[in-house]
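Participant: The following block contains the structure, expressed as structure tokens.
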Amino acid sequence: MSSLKGVPIIVFALVVGALASNSFNIIRDCKQYNGAIDYNGPVSYFPTSNLQHVRRTDRSKVFKFAVLGPMDGHLRFGRSQFPYDSNVIEIVLGGWRNSKSAGRRQYRTAGNRATNNVLVEVQTPNLLSPFHPLMFVLEVFNEGRVEVRIDGQPQPFLSFQDSSRIPANYMAFNRWERELIYFYDCPF
């Protein structure tokens with residue numbers, strides 16, 4: 001009977017540990033980007049070739065990143081570091097007051113005027129949160145397909161075909177109206 005005295009303590013410790021899990025653990029070992037500028041500001045693109053945690057397959061590149069904020073996360077990727085007078089792909093997460101997400105091709109002139117061509121738009125109510133980061137997986141296929149899923153979920157919630165097959169050689173983050181923090185180059 002004396003060997004059972006420690007069992008309730010162990011069970012209690014396991015239950016408390018499970019209830020006290022920290023939602024910020026998912027961003028451990030990610031890089032932090034909290035300098036996201038306004039949507040129409042001059043965005044700084046960084047080379048994805050310098051990232052340590054990119055999965056490469058024969059068919060695609062896979063990136064893992066998180067967003068912390070109330071709404072309107074924007075990720076752009078393209079061929080060059082200064083993609084003016086050319087197309088990029090823009091992923092909108094929790095846009096339209098955190099009700100929808102979208103994939104679109106964006107053309108930005110040297111004068112910083114943007115034209116968006118919507119490739120897909122889906123309902124994603126309350127996707128983002130200002131209280132805990134949400135981890136995403138972005139897969140960019142060589143043949144032009146782009147998929148975004150919530151980490152741990154097998155099916156993408158956002159999937160579209162980019163006929164221009166814009167590669168994810170350079171990437172940038174920006175925001176619409178609210179402050180956001182991005183976590184990128186996250187380990188798999």
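For the structure tokens, the naming scheme is as follows: chains receive sequential letters (A, B, ...) according to their order of presentation, residues are indexed from 1 within each chain, and ligands are indexed from 1 in presentation order.
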Could you make a table, as JSON lines, of the residues of segment 7-88 of chain A that have an atom within 7 Å of an atom of segment 107-129 of chain A, each with its nearest atom pair and distance in Å to one decimal, counting only C-alpha atoms, in chain and number order?

Facilitator:
```
{"residue": "A:Leu68", "atom": "CA", "partner": "A:Ser129", "partner_atom": "CA", "distance": 6.1}
{"residue": "A:Gly69", "atom": "CA", "partner": "A:Ser129", "partner_atom": "CA", "distance": 5.3}
{"residue": "A:Pro70", "atom": "CA", "partner": "A:Ser129", "partner_atom": "CA", "distance": 4.9}
{"residue": "A:Met71", "atom": "CA", "partner": "A:Leu128", "partner_atom": "CA", "distance": 5.8}
{"residue": "A:Tyr84", "atom": "CA", "partner": "A:Ala110", "partner_atom": "CA", "distance": 5.1}
{"residue": "A:Asp85", "atom": "CA", "partner": "A:Thr109", "partner_atom": "CA", "distance": 4.5}
{"residue": "A:Ser86", "atom": "CA", "partner": "A:Tyr107", "partner_atom": "CA", "distance": 5.6}
{"residue": "A:Asn87", "atom": "CA", "partner": "A:Tyr107", "partner_atom": "CA", "distance": 4.5}
{"residue": "A:Val88", "atom": "CA", "partner": "A:Tyr107", "partner_atom": "CA", "distance": 6.5}
```

Participant: Please list as a ChimeraX atom specification every residue within 12 Å of Thr57 of chain A, counting only C-alpha atoms and excluding residues in the same chain fewer than 3 positions away.

Facilitator: /A:54,60-63,139-142

Participant: Got time to write the residues from that selection, N, CA and C atoms, as a JSON list (two decimals), in the first residue's frame?

Facilitator:
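Saved result, out.json, follows:
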```
[["chain", "number", "residue", "atom", "x", "y", "z"],
["A", 54, "VAL", "N", 14.51, 25.50, -43.91],
["A", 54, "VAL", "CA", 13.66, 25.37, -45.09],
["A", 54, "VAL", "C", 13.76, 23.92, -45.54],
["A", 60, "SER", "N", 9.33, 21.16, -54.30],
["A", 60, "SER", "CA", 8.87, 22.34, -53.56],
["A", 60, "SER", "C", 9.88, 22.84, -52.52],
["A", 61, "LYS", "N", 9.55, 24.02, -51.98],
["A", 61, "LYS", "CA", 10.21, 24.58, -50.80],
["A", 61, "LYS", "C", 9.14, 24.73, -49.73],
["A", 62, "VAL", "N", 9.49, 24.39, -48.49],
["A", 62, "VAL", "CA", 8.52, 24.45, -47.40],
["A", 62, "VAL", "C", 9.08, 25.33, -46.29],
["A", 63, "PHE", "N", 8.25, 26.27, -45.83],
["A", 63, "PHE", "CA", 8.63, 27.23, -44.79],
["A", 63, "PHE", "C", 7.66, 27.11, -43.62],
["A", 139, "GLU", "N", 3.97, 25.97, -48.39],
["A", 139, "GLU", "CA", 4.68, 25.14, -49.36],
["A", 139, "GLU", "C", 4.50, 25.76, -50.75],
["A", 140, "VAL", "N", 5.63, 26.04, -51.39],
["A", 140, "VAL", "CA", 5.63, 26.65, -52.72],
["A", 140, "VAL", "C", 6.19, 25.61, -53.68],
["A", 141, "PHE", "N", 5.34, 25.13, -54.58],
["A", 141, "PHE", "CA", 5.72, 24.08, -55.52],
["A", 141, "PHE", "C", 6.33, 24.69, -56.78],
["A", 142, "ASN", "N", 7.27, 23.97, -57.37],
["A", 142, "ASN", "CA", 7.95, 24.43, -58.59],
["A", 142, "ASN", "C", 6.98, 24.68, -59.74]]
```

Participant: Name all residues at most 12 Å from Ala66 of chain A (count only C-alpha atoms; drop same-chain ones fewer than 3 positions away) and give them as a PyMOL selection string.

Facilitator: chain A and resi 23-34+63+69+73-75+93+127-130+132-138+148-151+173+180-187

Participant: Skip Ile37 of chain A itself and residues of its chain fewer than 2 positions away, then list as a PyMOL selection string all residues within 7 Å of it, counting only C-alpha atoms.

Facilitator: chain A and resi 35+39+41+43+174-175

Participant: Just N, CA and C atoms for this one: save the residues we selected as a PDB file, in the first residue's frame.

Facilitator:
```pdb
ATOM      1  N   GLY A  35       9.273  44.228 -37.107  1.00  0.00           N
ATOM      2  CA  GLY A  35       9.390  45.524 -37.762  1.00  0.00           C
ATOM      3  C   GLY A  35       8.485  45.637 -38.966  1.00  0.00           C
ATOM      4  N   TYR A  39       1.171  48.448 -44.999  1.00  0.00           N
ATOM      5  CA  TYR A  39       0.939  47.720 -46.241  1.00  0.00           C
ATOM      6  C   TYR A  39       1.584  48.381 -47.462  1.00  0.00           C
ATOM      7  N   GLY A  41       4.034  50.599 -47.421  1.00  0.00           N
ATOM      8  CA  GLY A  41       5.391  51.074 -47.164  1.00  0.00           C
ATOM      9  C   GLY A  41       6.415  50.272 -47.955  1.00  0.00           C
ATOM     10  N   VAL A  43       8.727  47.630 -48.347  1.00  0.00           N
ATOM     11  CA  VAL A  43       8.972  46.369 -47.656  1.00  0.00           C
ATOM     12  C   VAL A  43      10.396  45.889 -47.906  1.00  0.00           C
ATOM     13  N   ASN A 174       4.556  42.167 -43.901  1.00  0.00           N
ATOM     14  CA  ASN A 174       4.043  43.499 -43.602  1.00  0.00           C
ATOM     15  C   ASN A 174       2.662  43.374 -42.991  1.00  0.00           C
ATOM     16  N   ARG A 175       2.025  44.495 -42.738  1.00  0.00           N
ATOM     17  CA  ARG A 175       0.757  44.506 -42.014  1.00  0.00           C
ATOM     18  C   ARG A 175      -0.180  45.516 -42.658  1.00  0.00           C
TER      19      ARG A 175
END
```
